[in-house]
Amino acid sequence: MIEFKAVSLASLLNLRNQYLASLRYPQELHCEWLVAKGACFCIEQDGRVVGYFIRSEEGDLIEFYLPDKLFSRKEEIFGRVLKEFQIKSAFCKSFDDLFMACCHAFGQSSKIGGYLFRFFTEEIVMSLPEEVTARKAKEIDIPLLLTHDSDLYESPEELNYTVSHRMILMYEKSGALLGCGYLIRVLPDKEIFDVGMWVNPTFRRQGYATVIISHLKETCLKAGYTPIAGCAADNIASRRTLEKCGFMTKHCAIVFEF
């Protein structure tokens, strides 16, 4: 008998590690943030936990995991999850094979929500120009950063968190803020870092986005880390910047409607 029960994310640690290990490519940072705020449910068979799924704050299904021995029942179990929890949409990485198969089986429509960059060439590396300096943002910088447009952060709380954990680099020239770079570890036990950038509107269309991403990539490679990235499907400028810096995309995030 298959049953579903609400549980804490911490209780799914072992199962989530199995899930993450089953992925062919590194986890997406955006998905980790959705998971952190989502609602978690275990899948029990005859009283024993055998799988799980996670629903985002907005109600999207963002993870669905079963062990190999239950693959023959994946459509049955997935269909029950959709029906019993009234799930109307899912956000799925294209390299998440089990989840993708189930979404295709039940999806009424789909569209690309974002591009996932998991490959890059080390041959394209552009050094930081001599007149540009980079330093880690500190708490004292937060009031200044809050004066800039909301593209820099989703909420003041998020900005406080990324700054306090030294995840933001500030790029400056002659005392002026050119922009910021994000260098965020995706999972605590992996040397994989998501890179991203924001450019001060005053300095846009001057090549500084490429300067920032190139420096973040070079920083990762020198430290022995693996840089990855992602961008929304409609963010053409970010995609071009990443590609200019040697990042390549073969995968995407797909939004399914049921």
# chains A, B, ... in the order shown; residues from 1 in each chain; ligands from 1
>>> residues_around(residues="Ile43 (chain A)", least_positions_apart="2", cutoff="9 Å", atoms="only C-alpha atoms", output="list in words")
Ile2, Glu3, Phe4, Lys5, Phe41, Gln45, Arg48, Val49, Val50, Gly51, Tyr52, Phe53, Tyr65, Leu66 and Ile77 of chain A
>>> closest_atom_pairs(of="region 156-221 of chain A", to="region 129-147 of chain A", cutoff="7 Å", atoms="only C-alpha atoms", output="tab-separated table")
residue	atom	partner	partner_atom	distance
A:Val163	CA	A:Ala137	CA	5.8
A:Ser164	CA	A:Glu139	CA	6.3
A:Arg166	CA	A:Lys136	CA	6.1
A:Ile168	CA	A:Ala137	CA	5.6
A:Leu169	CA	A:Lys136	CA	4.3
A:Met170	CA	A:Arg135	CA	5.4
A:Tyr171	CA	A:Ala134	CA	4.6
A:Glu172	CA	A:Thr133	CA	5.3
A:Lys173	CA	A:Val132	CA	4.9
>>> residues_around(residues="region 225-239 of chain A", least_positions_apart="6", cutoff="6 Å", atoms="only C-alpha atoms", output="PyMOL selection string")
chain A and resi 113-118+191-195
>>> write_last_selection(atoms="C-alpha atoms", output="PDB file, in the first residue's frame")
ATOM      1  CA  GLY A 113      11.630  27.998 -18.291  1.00  0.00           C
ATOM      2  CA  GLY A 114      15.390  28.396 -18.238  1.00  0.00           C
ATOM      3  CA  TYR A 115      18.722  27.259 -19.649  1.00  0.00           C
ATOM      4  CA  LEU A 116      21.170  25.240 -17.543  1.00  0.00           C
ATOM      5  CA  PHE A 117      24.894  25.616 -18.211  1.00  0.00           C
ATOM      6  CA  ARG A 118      26.808  22.524 -17.125  1.00  0.00           C
ATOM      7  CA  GLU A 191      32.866  21.894  -4.757  1.00  0.00           C
ATOM      8  CA  ILE A 192      30.327  23.163  -7.290  1.00  0.00           C
ATOM      9  CA  PHE A 193      29.542  26.865  -7.413  1.00  0.00           C
ATOM     10  CA  ASP A 194      26.785  28.722  -9.215  1.00  0.00           C
ATOM     11  CA  VAL A 195      28.012  31.940 -10.853  1.00  0.00           C
TER      12      VAL A 195
END
>>> atom_distance(atom1="CA of Leu159 (chain A)", atom2="CA of Tyr182 (chain A)")
10.9 Å
>>> closest_residue(among="A:Met1, A:Leu13, A:Leu29, A:Ala90", to="Asp46 (chain A)", atoms="only C-alpha atoms")
A:Met1
>>> atom_distance(atom1="CA of Glu28 (chain A)", atom2="CA of Phe95 (chain A)")
10.8 Å
>>> select_by_dssp(residues="region 3-232 of chain A", states="alpha helix (DSSP H)", output="number ranges by chain")
A: 13-22, 29-37, 74-84, 97-106, 142-146, 156-164, 208-223
>>> closest_residue(among="A:Gly79, A:Pro156, A:Pro201, A:Gly196", to="Leu177 (chain A)", atoms="only C-alpha atoms")
A:Pro201
>>> closest_atom_pairs(of="region 20-81 of chain A", to="region 241-251 of chain A", cutoff="12 Å", atoms="only C-alpha atoms", output="tab-separated table")
residue	atom	partner	partner_atom	distance
A:Arg24	CA	A:His251	CA	11.1
A:Tyr25	CA	A:His251	CA	9.6
A:Pro26	CA	A:His251	CA	11.4
A:Gln27	CA	A:His251	CA	11.9
A:Glu28	CA	A:His251	CA	11.1
>>> write_last_selection(atoms="N, CA and C atoms", output="CSV table (one decimal), in the first residue's frame")
chain,number,residue,atom,x,y,z
A,24,ARG,N,22.6,13.1,-13.6
A,24,ARG,CA,23.8,13.0,-14.4
A,24,ARG,C,24.6,14.3,-14.4
A,25,TYR,N,24.0,15.4,-14.0
A,25,TYR,CA,24.8,16.7,-13.9
A,25,TYR,C,24.4,17.4,-12.6
A,26,PRO,N,25.2,18.4,-12.2
A,26,PRO,CA,25.0,19.0,-10.9
A,26,PRO,C,23.6,19.7,-10.7
A,27,GLN,N,23.2,19.7,-9.5
A,27,GLN,CA,21.9,20.3,-9.2
A,27,GLN,C,21.9,21.8,-9.5
A,28,GLU,N,20.7,22.3,-9.8
A,28,GLU,CA,20.5,23.7,-10.1
A,28,GLU,C,20.3,24.5,-8.8
>>> closest_residue(among="A:Ala176, A:Cys102, A:Ile62, A:Val7", to="Cys42 (chain A)", atoms="only C-alpha atoms")
A:Val7
>>> atom_distance(atom1="CA of Asp60 (chain A)", atom2="CA of Glu257 (chain A)")
9.5 Å
>>> closest_residue(among="A:Ala209, A:Val125, A:Cys180, A:Ala105", to="Leu152 (chain A)", atoms="only C-alpha atoms")
A:Cys180
